[in-house]
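Q: Got work19.pdb for you, PDB, C-alpha atoms and all ligand atoms:
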```pdb
ATOM      1  CA  MET M   1     -62.131  82.831-119.820
ATOM      2  CA  SER M   2     -65.052  80.657-118.757
ATOM      3  CA  ALA M   3     -68.446  82.213-118.101
ATOM      4  CA  GLN M   4     -68.875  83.853-114.745
ATOM      5  CA  PRO M   5     -71.725  82.330-112.763
ATOM      6  CA  LYS M   6     -74.535  84.712-111.926
ATOM      7  CA  ASP M   7     -74.218  86.653-108.676
ATOM      8  CA  ILE M   8     -70.530  85.861-108.241
ATOM      9  CA  ARG M   9     -68.368  88.988-108.545
ATOM     10  CA  LEU M  10     -64.755  88.371-109.421
ATOM     11  CA  ASP M  11     -62.248  90.649-107.711
ATOM     12  CA  ASP M  12     -59.570  90.662-110.430
ATOM     13  CA  ARG M  13     -56.024  91.619-109.461
ATOM     14  CA  HIS M  14     -54.214  89.397-111.951
ATOM     15  CA  PRO M  15     -50.621  90.483-112.703
ATOM     16  CA  ASP M  16     -50.105  91.860-116.223
ATOM     17  CA  VAL M  17     -47.619  91.042-118.989
ATOM     18  CA  ASP M  18     -45.125  93.657-117.743
ATOM     19  CA  ASP M  19     -44.972  92.049-114.283
ATOM     20  CA  THR M  20     -44.235  88.660-115.862
ATOM     21  CA  LEU M  21     -41.633  90.138-118.214
ATOM     22  CA  ASP M  22     -39.903  91.762-115.243
ATOM     23  CA  THR M  23     -39.971  88.551-113.205
ATOM     24  CA  VAL M  24     -38.442  86.545-116.079
ATOM     25  CA  ARG M  25     -35.823  89.183-116.819
ATOM     26  CA  ARG M  26     -34.710  89.218-113.185
ATOM     27  CA  GLY M  27     -34.745  85.406-112.972
ATOM     28  CA  LEU M  28     -32.562  84.945-116.052
ATOM     29  CA  ALA M  29     -30.141  87.701-115.055
ATOM     30  CA  ALA M  30     -29.243  85.882-111.822
ATOM     31  CA  LYS M  31     -25.981  83.897-111.640
ATOM     32  CA  GLN M  32     -28.005  80.751-110.915
ATOM     33  CA  LYS M  33     -31.004  81.171-113.243
ATOM     34  CA  LYS M  34     -34.274  80.796-111.429
ATOM     35  CA  LEU M  35     -37.980  81.312-112.191
ATOM     36  CA  PRO M  36     -40.810  81.205-109.617
ATOM     37  CA  SER M  37     -43.051  78.134-109.680
ATOM     38  CA  ARG M  38     -46.189  80.305-109.810
ATOM     39  CA  LEU M  39     -45.402  80.758-113.534
ATOM     40  CA  PHE M  40     -46.483  77.119-114.073
ATOM     41  CA  TYR M  41     -50.137  77.963-113.660
ATOM     42  CA  ASP M  42     -51.656  79.190-116.893
ATOM     43  CA  GLU M  43     -54.788  77.375-118.059
ATOM     44  CA  ARG M  44     -52.849  74.400-119.428
ATOM     45  CA  GLY M  45     -50.511  74.358-116.415
ATOM     46  CA  SER M  46     -53.464  74.179-114.028
ATOM     47  CA  ALA M  47     -55.002  71.347-116.079
ATOM     48  CA  LEU M  48     -51.683  69.482-116.103
ATOM     49  CA  PHE M  49     -51.371  69.910-112.349
ATOM     50  CA  GLU M  50     -54.824  68.339-111.960
ATOM     51  CA  ALA M  51     -53.556  65.434-114.101
ATOM     52  CA  ILE M  52     -50.432  65.106-111.908
ATOM     53  CA  CYS M  53     -52.719  64.724-108.894
ATOM     54  CA  GLU M  54     -54.198  61.609-110.547
ATOM     55  CA  GLN M  55     -50.858  59.927-111.211
ATOM     56  CA  PRO M  56     -50.227  56.784-109.139
ATOM     57  CA  GLU M  57     -46.804  58.069-107.998
ATOM     58  CA  TYR M  58     -48.170  61.436-106.774
ATOM     59  CA  TYR M  59     -49.300  60.326-103.298
ATOM     60  CA  LEU M  60     -49.868  63.864-101.933
ATOM     61  CA  THR M  61     -53.393  64.629-103.206
ATOM     62  CA  ARG M  62     -54.771  61.141-102.639
ATOM     63  CA  THR M  63     -53.427  61.064 -99.102
ATOM     64  CA  GLU M  64     -54.647  64.544 -98.208
ATOM     65  CA  ILE M  65     -58.116  63.729 -99.557
ATOM     66  CA  ALA M  66     -58.159  60.553 -97.441
ATOM     67  CA  ILE M  67     -57.228  62.602 -94.348
ATOM     68  CA  MET M  68     -60.047  65.044 -95.126
ATOM     69  CA  ARG M  69     -62.482  62.183 -95.702
ATOM     70  CA  ASP M  70     -61.639  60.745 -92.279
ATOM     71  CA  HIS M  71     -61.308  63.979 -90.308
ATOM     72  CA  ALA M  72     -63.256  66.813 -91.992
ATOM     73  CA  GLY M  73     -65.924  66.574 -89.264
ATOM     74  CA  ASP M  74     -63.355  66.945 -86.501
ATOM     75  CA  ILE M  75     -61.588  69.758 -88.368
ATOM     76  CA  ALA M  76     -64.897  71.627 -88.789
ATOM     77  CA  ASP M  77     -65.676  71.128 -85.082
ATOM     78  CA  THR M  78     -62.287  72.604 -84.226
ATOM     79  CA  LEU M  79     -63.061  75.703 -86.324
ATOM     80  CA  GLY M  80     -66.592  76.183 -84.951
ATOM     81  CA  HIS M  81     -69.549  78.028 -86.483
ATOM     82  CA  ASP M  82     -69.783  81.237 -88.559
ATOM     83  CA  VAL M  83     -66.359  80.897 -90.102
ATOM     84  CA  ARG M  84     -65.187  82.899 -93.101
ATOM     85  CA  LEU M  85     -63.112  80.442 -95.109
ATOM     86  CA  VAL M  86     -60.330  82.008 -97.207
ATOM     87  CA  GLU M  87     -58.562  79.549 -99.497
ATOM     88  CA  TYR M  88     -55.106  80.295-100.901
ATOM     89  CA  GLY M  89     -54.797  78.742-104.349
ATOM     90  CA  SER M  90     -58.088  77.047-105.118
ATOM     91  CA  GLY M  91     -57.537  73.642-106.665
ATOM     92  CA  SER M  92     -60.148  71.237-107.953
ATOM     93  CA  GLY M  93     -62.255  71.903-104.863
ATOM     94  CA  ILE M  94     -62.686  68.318-103.582
ATOM     95  CA  LYS M  95     -61.005  69.041-100.246
ATOM     96  CA  THR M  96     -62.781  72.379 -99.917
ATOM     97  CA  ARG M  97     -66.081  70.670-100.589
ATOM     98  CA  MET M  98     -65.403  68.230 -97.762
ATOM     99  CA  LEU M  99     -64.650  71.088 -95.392
ATOM    100  CA  LEU M 100     -67.649  73.219 -96.437
ATOM    101  CA  GLU M 101     -69.940  70.202 -96.088
ATOM    102  CA  HIS M 102     -69.063  70.010 -92.388
ATOM    103  CA  LEU M 103     -68.817  73.706 -91.499
ATOM    104  CA  GLU M 104     -71.746  75.110 -89.556
ATOM    105  CA  THR M 105     -73.227  78.318 -91.103
ATOM    106  CA  PRO M 106     -70.088  79.532 -92.947
ATOM    107  CA  VAL M 107     -70.151  83.311 -93.485
ATOM    108  CA  ALA M 108     -68.313  83.310 -96.843
ATOM    109  CA  TYR M 109     -65.941  81.344 -99.006
ATOM    110  CA  VAL M 110     -63.101  83.475-100.434
ATOM    111  CA  PRO M 111     -60.841  81.566-102.861
ATOM    112  CA  VAL M 112     -57.691  83.458-103.861
ATOM    113  CA  GLU M 113     -56.094  82.097-107.015
ATOM    114  CA  ILE M 114     -53.798  83.373-109.775
ATOM    115  CA  SER M 115     -55.361  81.304-112.572
ATOM    116  CA  ARG M 116     -58.634  83.004-113.518
ATOM    117  CA  THR M 117     -60.050  79.953-115.298
ATOM    118  CA  ALA M 118     -59.238  77.505-112.511
ATOM    119  CA  LEU M 119     -60.681  79.960-109.985
ATOM    120  CA  MET M 120     -63.976  80.525-111.786
ATOM    121  CA  GLU M 121     -64.455  76.863-112.651
ATOM    122  CA  SER M 122     -63.977  75.713-109.086
ATOM    123  CA  VAL M 123     -66.099  78.492-107.604
ATOM    124  CA  ALA M 124     -68.932  77.813-110.086
ATOM    125  CA  GLU M 125     -69.033  74.184-108.996
ATOM    126  CA  LEU M 126     -68.948  75.038-105.298
ATOM    127  CA  ALA M 127     -71.680  77.680-105.768
ATOM    128  CA  THR M 128     -73.986  75.017-107.177
ATOM    129  CA  ARG M 129     -73.318  72.701-104.276
ATOM    130  CA  PHE M 130     -73.473  75.348-101.562
ATOM    131  CA  PRO M 131     -76.053  77.895-102.752
ATOM    132  CA  ASP M 132     -76.326  79.419 -99.262
ATOM    133  CA  VAL M 133     -72.635  80.181 -98.895
ATOM    134  CA  PRO M 134     -71.641  83.600-100.309
ATOM    135  CA  MET M 135     -68.775  83.114-102.785
ATOM    136  CA  GLN M 136     -66.202  85.938-103.049
ATOM    137  CA  PRO M 137     -63.450  84.880-105.493
ATOM    138  CA  VAL M 138     -60.300  86.982-105.743
ATOM    139  CA  CYS M 139     -57.982  86.555-108.736
ATOM    140  CA  ALA M 140     -54.618  87.493-107.232
ATOM    141  CA  ASP M 141     -51.170  86.321-106.238
ATOM    142  CA  PHE M 142     -51.696  85.199-102.656
ATOM    143  CA  THR M 143     -48.019  85.732-101.816
ATOM    144  CA  GLN M 144     -48.720  89.466-101.924
ATOM    145  CA  PRO M 145     -50.612  91.263 -99.127
ATOM    146  CA  LEU M 146     -54.311  90.812 -99.579
ATOM    147  CA  ARG M 147     -57.312  93.024 -98.923
ATOM    148  CA  LEU M 148     -60.128  90.594 -98.122
ATOM    149  CA  PRO M 149     -63.520  91.498 -99.639
ATOM    150  CA  VAL M 150     -66.077  92.755 -97.139
ATOM    151  CA  ALA M 151     -68.307  89.951 -95.839
ATOM    152  CA  SER M 152     -72.087  90.409 -95.741
ATOM    153  CA  ARG M 153     -72.101  89.557 -92.007
ATOM    154  CA  SER M 154     -69.335  89.466 -89.410
ATOM    155  CA  PRO M 155     -67.516  86.159 -89.166
ATOM    156  CA  ARG M 156     -66.776  84.651 -85.769
ATOM    157  CA  ARG M 157     -63.358  83.849 -87.109
ATOM    158  CA  THR M 158     -61.462  83.968 -90.389
ATOM    159  CA  VAL M 159     -59.748  80.716 -91.246
ATOM    160  CA  ILE M 160     -57.227  80.469 -94.029
ATOM    161  CA  TYR M 161     -57.243  77.149 -95.837
ATOM    162  CA  PHE M 162     -53.934  76.393 -97.538
ATOM    163  CA  PRO M 163     -54.047  72.764 -98.706
ATOM    164  CA  GLY M 164     -51.880  70.677-101.027
ATOM    165  CA  SER M 165     -48.498  71.369 -99.377
ATOM    166  CA  THR M 166     -48.239  74.512-101.501
ATOM    167  CA  ILE M 167     -46.380  76.014 -98.520
ATOM    168  CA  GLY M 168     -43.587  73.579 -99.508
ATOM    169  CA  ASN M 169     -43.116  75.464-102.777
ATOM    170  CA  PHE M 170     -41.528  78.342-100.874
ATOM    171  CA  GLU M 171     -38.074  78.525 -99.361
ATOM    172  CA  THR M 172     -38.076  78.781 -95.566
ATOM    173  CA  LYS M 173     -37.659  82.555 -95.386
ATOM    174  CA  GLU M 174     -40.471  83.160 -97.886
ATOM    175  CA  ALA M 175     -42.692  80.493 -96.249
ATOM    176  CA  ILE M 176     -42.288  82.280 -92.903
ATOM    177  CA  ARG M 177     -43.152  85.598 -94.544
ATOM    178  CA  ILE M 178     -46.306  84.098 -96.089
ATOM    179  CA  LEU M 179     -47.354  82.460 -92.807
ATOM    180  CA  ARG M 180     -46.801  85.785 -91.045
ATOM    181  CA  GLN M 181     -48.907  87.527 -93.699
ATOM    182  CA  MET M 182     -51.692  84.953 -93.197
ATOM    183  CA  ARG M 183     -51.439  85.540 -89.445
ATOM    184  CA  THR M 184     -52.254  89.199 -90.089
ATOM    185  CA  GLU M 185     -55.058  88.387 -92.533
ATOM    186  CA  MET M 186     -56.780  85.876 -90.238
ATOM    187  CA  SER M 187     -56.764  88.510 -87.418
ATOM    188  CA  VAL M 188     -57.313  87.822 -83.714
ATOM    189  CA  GLY M 189     -59.105  84.532 -83.038
ATOM    190  CA  GLY M 190     -58.498  83.201 -86.549
ATOM    191  CA  GLY M 191     -56.482  80.219 -87.701
ATOM    192  CA  ILE M 192     -54.824  78.451 -90.601
ATOM    193  CA  ILE M 193     -55.561  74.943 -91.885
ATOM    194  CA  VAL M 194     -52.493  73.940 -93.840
ATOM    195  CA  GLY M 195     -51.613  70.778 -95.784
ATOM    196  CA  VAL M 196     -48.010  69.767 -95.145
ATOM    197  CA  ASP M 197     -46.154  66.956 -96.915
ATOM    198  CA  LEU M 198     -43.927  64.931 -94.583
ATOM    199  CA  LYS M 199     -40.419  63.501 -94.930
ATOM    200  CA  LYS M 200     -40.363  59.859 -96.005
ATOM    201  CA  ASP M 201     -38.463  57.395 -98.197
ATOM    202  CA  PRO M 202     -36.604  59.616-100.711
ATOM    203  CA  ALA M 203     -37.345  57.145-103.544
ATOM    204  CA  ALA M 204     -41.109  57.547-103.004
ATOM    205  CA  ILE M 205     -40.751  61.344-102.975
ATOM    206  CA  GLU M 206     -38.609  61.384-106.107
ATOM    207  CA  ALA M 207     -41.025  59.085-107.968
ATOM    208  CA  ALA M 208     -43.874  61.518-107.231
ATOM    209  CA  TYR M 209     -42.077  64.194-109.278
ATOM    210  CA  ASN M 210     -40.967  61.851-112.073
ATOM    211  CA  ASP M 211     -44.157  59.987-112.976
ATOM    212  CA  ALA M 212     -43.852  57.262-115.581
ATOM    213  CA  ALA M 213     -46.499  58.842-117.832
ATOM    214  CA  GLY M 214     -44.406  62.026-118.102
ATOM    215  CA  VAL M 215     -47.171  64.397-116.952
ATOM    216  CA  THR M 216     -44.865  66.250-114.538
ATOM    217  CA  ARG M 217     -42.290  66.637-117.316
ATOM    218  CA  GLU M 218     -44.955  68.222-119.538
ATOM    219  CA  PHE M 219     -46.100  70.450-116.666
ATOM    220  CA  THR M 220     -42.569  71.732-116.108
ATOM    221  CA  LEU M 221     -41.892  72.364-119.812
ATOM    222  CA  ASN M 222     -45.250  74.104-120.207
ATOM    223  CA  MET M 223     -43.803  77.048-118.269
ATOM    224  CA  LEU M 224     -41.607  77.819-121.299
ATOM    225  CA  VAL M 225     -44.457  77.303-123.789
ATOM    226  CA  ARG M 226     -46.496  79.742-121.763
ATOM    227  CA  LEU M 227     -43.754  82.392-121.580
ATOM    228  CA  ASN M 228     -43.080  82.128-125.319
ATOM    229  CA  ARG M 229     -46.769  82.717-126.018
ATOM    230  CA  GLU M 230     -47.522  85.346-123.369
ATOM    231  CA  ILE M 231     -44.432  87.524-123.229
ATOM    232  CA  GLY M 232     -42.770  86.673-126.548
ATOM    233  CA  THR M 233     -39.668  84.882-125.270
ATOM    234  CA  ASP M 234     -38.030  82.353-127.614
ATOM    235  CA  PHE M 235     -37.022  79.437-125.377
ATOM    236  CA  ASP M 236     -36.315  76.414-127.587
ATOM    237  CA  VAL M 237     -38.665  74.179-125.606
ATOM    238  CA  GLU M 238     -37.460  71.003-127.372
ATOM    239  CA  ALA M 239     -33.967  71.755-126.117
ATOM    240  CA  PHE M 240     -34.886  71.715-122.414
ATOM    241  CA  ARG M 241     -35.403  68.712-120.168
ATOM    242  CA  HIS M 242     -37.207  68.308-116.835
ATOM    243  CA  ARG M 243     -35.054  67.310-113.847
ATOM    244  CA  ALA M 244     -36.505  66.653-110.371
ATOM    245  CA  ARG M 245     -34.144  65.398-107.659
ATOM    246  CA  TYR M 246     -34.564  64.994-103.904
ATOM    247  CA  ASN M 247     -31.988  66.926-101.895
ATOM    248  CA  ALA M 248     -32.035  64.985 -98.611
ATOM    249  CA  LEU M 249     -29.954  67.558 -96.756
ATOM    250  CA  ALA M 250     -32.333  70.402 -97.606
ATOM    251  CA  GLY M 251     -35.385  68.059 -97.386
ATOM    252  CA  ARG M 252     -36.806  69.110-100.718
ATOM    253  CA  ILE M 253     -37.414  68.178-104.333
ATOM    254  CA  GLU M 254     -35.505  70.552-106.569
ATOM    255  CA  THR M 255     -37.004  70.845-110.037
ATOM    256  CA  ALA M 256     -35.007  72.412-112.837
ATOM    257  CA  LEU M 257     -35.259  72.940-116.581
ATOM    258  CA  VAL M 258     -31.933  71.931-118.073
ATOM    259  CA  SER M 259     -30.875  73.307-121.461
ATOM    260  CA  THR M 260     -29.611  70.452-123.622
ATOM    261  CA  LYS M 261     -27.674  72.836-125.882
ATOM    262  CA  ARG M 262     -26.113  76.279-125.905
ATOM    263  CA  GLN M 263     -28.859  78.760-126.689
ATOM    264  CA  ASP M 264     -29.716  82.463-126.492
ATOM    265  CA  VAL M 265     -33.115  83.483-125.168
ATOM    266  CA  HIS M 266     -34.651  86.890-125.874
ATOM    267  CA  VAL M 267     -36.712  88.520-123.134
ATOM    268  CA  GLY M 268     -37.997  91.879-124.350
ATOM    269  CA  HIS M 269     -34.880  93.711-125.552
ATOM    270  CA  ASP M 270     -32.506  91.580-123.445
ATOM    271  CA  VAL M 271     -30.686  88.391-124.442
ATOM    272  CA  PHE M 272     -29.679  85.656-121.993
ATOM    273  CA  ALA M 273     -27.255  82.869-122.845
ATOM    274  CA  PHE M 274     -27.725  79.302-121.629
ATOM    275  CA  ARG M 275     -24.739  76.947-121.583
ATOM    276  CA  GLU M 276     -25.202  73.320-122.611
ATOM    277  CA  ASP M 277     -26.439  71.459-119.476
ATOM    278  CA  GLU M 278     -27.146  74.684-117.600
ATOM    279  CA  ALA M 279     -29.981  74.221-115.105
ATOM    280  CA  MET M 280     -32.618  76.844-114.389
ATOM    281  CA  GLN M 281     -34.294  76.287-111.012
ATOM    282  CA  VAL M 282     -38.104  76.369-111.332
ATOM    283  CA  GLU M 283     -39.523  74.780-108.195
ATOM    284  CA  TYR M 284     -38.785  73.592-104.681
ATOM    285  CA  SER M 285     -41.173  71.153-103.016
ATOM    286  CA  CYS M 286     -40.119  71.060 -99.359
ATOM    287  CA  LYS M 287     -40.867  68.086 -97.122
ATOM    288  CA  TYR M 288     -41.023  68.502 -93.357
ATOM    289  CA  SER M 289     -40.919  66.552 -90.119
ATOM    290  CA  LEU M 290     -43.621  67.644 -87.636
ATOM    291  CA  GLU M 291     -40.860  69.315 -85.598
ATOM    292  CA  ASP M 292     -39.449  71.174 -88.651
ATOM    293  CA  PHE M 293     -42.849  72.571 -89.470
ATOM    294  CA  ALA M 294     -43.738  73.576 -85.889
ATOM    295  CA  GLN M 295     -40.427  75.394 -85.652
ATOM    296  CA  MET M 296     -41.024  77.240 -88.919
ATOM    297  CA  ALA M 297     -44.579  78.189 -87.838
ATOM    298  CA  SER M 298     -43.302  79.493 -84.495
ATOM    299  CA  LYS M 299     -40.979  81.848 -86.386
ATOM    300  CA  ALA M 300     -44.131  83.316 -87.946
ATOM    301  CA  GLY M 301     -45.728  83.710 -84.498
ATOM    302  CA  LEU M 302     -47.949  80.640 -84.928
ATOM    303  CA  ALA M 303     -48.474  77.539 -82.808
ATOM    304  CA  VAL M 304     -49.627  74.134 -84.054
ATOM    305  CA  GLU M 305     -52.865  73.407 -82.213
ATOM    306  CA  LYS M 306     -53.843  70.145 -83.914
ATOM    307  CA  VAL M 307     -52.462  67.696 -86.482
ATOM    308  CA  TRP M 308     -54.371  65.127 -88.548
ATOM    309  CA  MET M 309     -52.456  62.447 -90.478
ATOM    310  CA  ASP M 310     -52.944  59.274 -92.498
ATOM    311  CA  ALA M 311     -51.962  55.953 -90.886
ATOM    312  CA  ASP M 312     -48.605  55.862 -92.736
ATOM    313  CA  GLN M 313     -47.812  59.443 -91.729
ATOM    314  CA  LYS M 314     -47.116  60.471 -95.301
ATOM    315  CA  PHE M 315     -49.000  63.757 -95.130
ATOM    316  CA  SER M 316     -50.453  66.044 -92.481
ATOM    317  CA  VAL M 317     -53.210  68.616 -92.156
ATOM    318  CA  GLN M 318     -52.364  71.080 -89.386
ATOM    319  CA  TYR M 319     -54.288  73.790 -87.537
ATOM    320  CA  LEU M 320     -52.214  76.827 -86.671
ATOM    321  CA  VAL M 321     -53.265  79.595 -84.304
ATOM    322  CA  ARG M 322     -51.619  82.690 -82.789
TER     323      ARG M 322
HETATM  324  C1  LIG Y 401     -48.705  72.645-105.880
HETATM  325  N1  LIG Y 401     -47.537  71.960-105.332
HETATM  326  C2  LIG Y 401     -47.713  71.641-103.931
HETATM  327  C3  LIG Y 401     -47.079  70.807-106.131
HETATM  328  C4  LIG Y 401     -45.862  70.130-105.442
HETATM  329  O1  LIG Y 401     -45.981  68.951-105.129
HETATM  330  O2  LIG Y 401     -44.882  70.801-105.201
HETATM  331  C5  LIG Y 401     -46.724  71.218-107.534
HETATM  332  C6  LIG Y 401     -46.097  70.124-108.332
HETATM  333  N2  LIG Y 401     -44.984  70.226-109.003
HETATM  334  C7  LIG Y 401     -44.714  69.086-109.589
HETATM  335  N3  LIG Y 401     -45.648  68.209-109.239
HETATM  336  C8  LIG Y 401     -46.545  68.845-108.470
END
```
Show the structure stored in the file as structure tokens.
A:
Amino acid sequence: MSAQPKDIRLDDRHPDVDDTLDTVRRGLAAKQKKLPSRLFYDERGSALFEAICEQPEYYLTRTEIAIMRDHAGDIADTLGHDVRLVEYGSGSGIKTRMLLEHLETPVAYVPVEISRTALMESVAELATRFPDVPMQPVCADFTQPLRLPVASRSPRRTVIYFPGSTIGNFETKEAIRILRQMRTEMSVGGGIIVGVDLKKDPAAIEAAYNDAAGVTREFTLNMLVRLNREIGTDFDVEAFRHRARYNALAGRIETALVSTKRQDVHVGHDVFAFREDEAMQVEYSCKYSLEDFAQMASKAGLAVEKVWMDADQKFSVQYLVR
């Protein structure tokens, strides 16, 4: 773990080995094997994700940053002064930096992130840039109900920042549950700034998840490396391949790890058999039209107040309120 910067207290609610073992056991016992994409993000997984964001095919990050560069001032004006900014899944911090630069007298910045190292690295950098903004990092799974740390002064509103189209990594029912949970956490008068990837040419979407340099492939396979190391499973990593295909009907990239041979995998005292060519689902990356997303938000009791987009309408940043 990297050094904790002075005066920043980490609220650590990281899941332990038993939680992960349980999750994997349940995922492999299912008829269609499935593991949650949050298992990608150990230290190496987070670093590989950062590298994915730099790949020429992965348009999402570049486009969202461009939207923030053009509209962060307007977004900050929409939020107003004395905001407590809660970020779900803190990434490299570039987009957050753009937002914090424009916010007037923010009350606190509360990043909530499962990867301890990624969390502390990004918060250390932001603390140097914004010495007057109290930093309150929470190491936790943001899909679970959250107790926000007490702020040193009352915010005018709590705004949840959820960039990167991470919402797309959840199936509709779960995405609605998470949006509803955020609605509770932001309380009356609050809002959500969410990054949402939009439907477009399927070939462009598919290329983003199959980069020529093979970084996404490595990222996907790293989940198995991580499980072998952390919970003692014995996936034969060499005998799995990465597969990411766009399902146009469902409007999502479906990423799977496909076993290239018959193999048995031990998880604790249990053994799970993989057939040759059996696919284990590891991630969905949903793409939305503006109408799809508004409809999903309304099911969580939220209305889209404002939308910012790039000129090609590849990606959107949306402000949701009650
Ligand atoms: C974090 N999340 C929005 C990324 C995505 O596009 O679904 C994760 C990712 N998986 C493969 N490439 C990037």
Q: Excluding same-chain residues fewer than 6 positions from stretch 105-115 of chain M, what lies within 8 Å of it counting only C-alpha atoms, as a ChimeraX atom specification?
A: /M:14,41-43,46,81-90,123,133-142,151-155
Q: For the file shown, what are the residues hit by the PyMOL selection byres (((not hetatm)) within 7 of (chain Y and resi 401)), laid out as an mmCIF file with C-alpha atoms, keeping the file's coordinate frame?
A:
```
data_model
loop_
_atom_site.group_PDB
_atom_site.id
_atom_site.type_symbol
_atom_site.label_atom_id
_atom_site.label_comp_id
_atom_site.auth_asym_id
_atom_site.auth_seq_id
_atom_site.Cartn_x
_atom_site.Cartn_y
_atom_site.Cartn_z
ATOM 1 C CA PHE M 49 -51.371 69.910 -112.349
ATOM 2 C CA ILE M 52 -50.432 65.106 -111.908
ATOM 3 C CA GLY M 164 -51.880 70.677 -101.027
ATOM 4 C CA SER M 165 -48.498 71.369 -99.377
ATOM 5 C CA THR M 166 -48.239 74.512 -101.501
ATOM 6 C CA GLY M 168 -43.587 73.579 -99.508
ATOM 7 C CA ASN M 169 -43.116 75.464 -102.777
ATOM 8 C CA TYR M 209 -42.077 64.194 -109.278
ATOM 9 C CA THR M 216 -44.865 66.250 -114.538
ATOM 10 C CA TYR M 284 -38.785 73.592 -104.681
ATOM 11 C CA SER M 285 -41.173 71.153 -103.016
#
```
Q: Could you tell me which of M:Met223, M:Ala76, M:Val271, M:Ile65 comes closest to M:Pro36 if we count all atoms listed in the file?
A: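 Using all atoms listed in the file, the shortest distance to M:Pro36 belongs to M:Met223.
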Q: What does the PyMOL selection byres (((chain M and resi 290) around 12) and not hetatm) select in this file, as a PyMOL selection string?
A: chain M and resi 195-200+287-289+291-297+304+306-309+313-318
Q: Report the centre and edge lengths, in Å to one decimal, of an axis-aligned box enclosing every atom of stretch 138-151 of chain M listed in the file, padded by 6 Å on each side, as AutoDock Vina command-line options.
A:
```
--center_x -58.2 --center_y 89.1 --center_z -102.3 --size_x 32.3 --size_y 19.8 --size_z 24.9
```
Q: Please report the interatomic distance between atom CA of M:Ala279 and atom CA of M:Glu254 in Å with one decimal.
A: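 Distance between the two atoms: 10.8 Å.
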Q: Determine, counting all atoms listed in the file, which protein, DNA and RNA residues have an atom within 10 Å of an atom of M:Phe274; residues of the same chain fewer than 3 positions away are not included. Present the result as a list in words.
A: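 So the residues in contact are Leu28, Lys33, Val258, Ser259, Thr260, Lys261, Arg262, Gln263, Asp264, Val265, Val271, Asp277, Glu278, Ala279 and Met280 of chain M.
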Q: Counting all atoms listed in the file, which residues have an atom no more than 12 Å from (-61.2, 68.6, -87.4) in the file's coordinates? Please list them as a PyMOL selection string.
A: chain M and resi 67-80+98-99+102-103+193+305-309+317-319
Q: Work out how far atom CA of M:Arg116 is from atom CA of M:Glu218, in Å to one decimal.
A: 21.0 Å
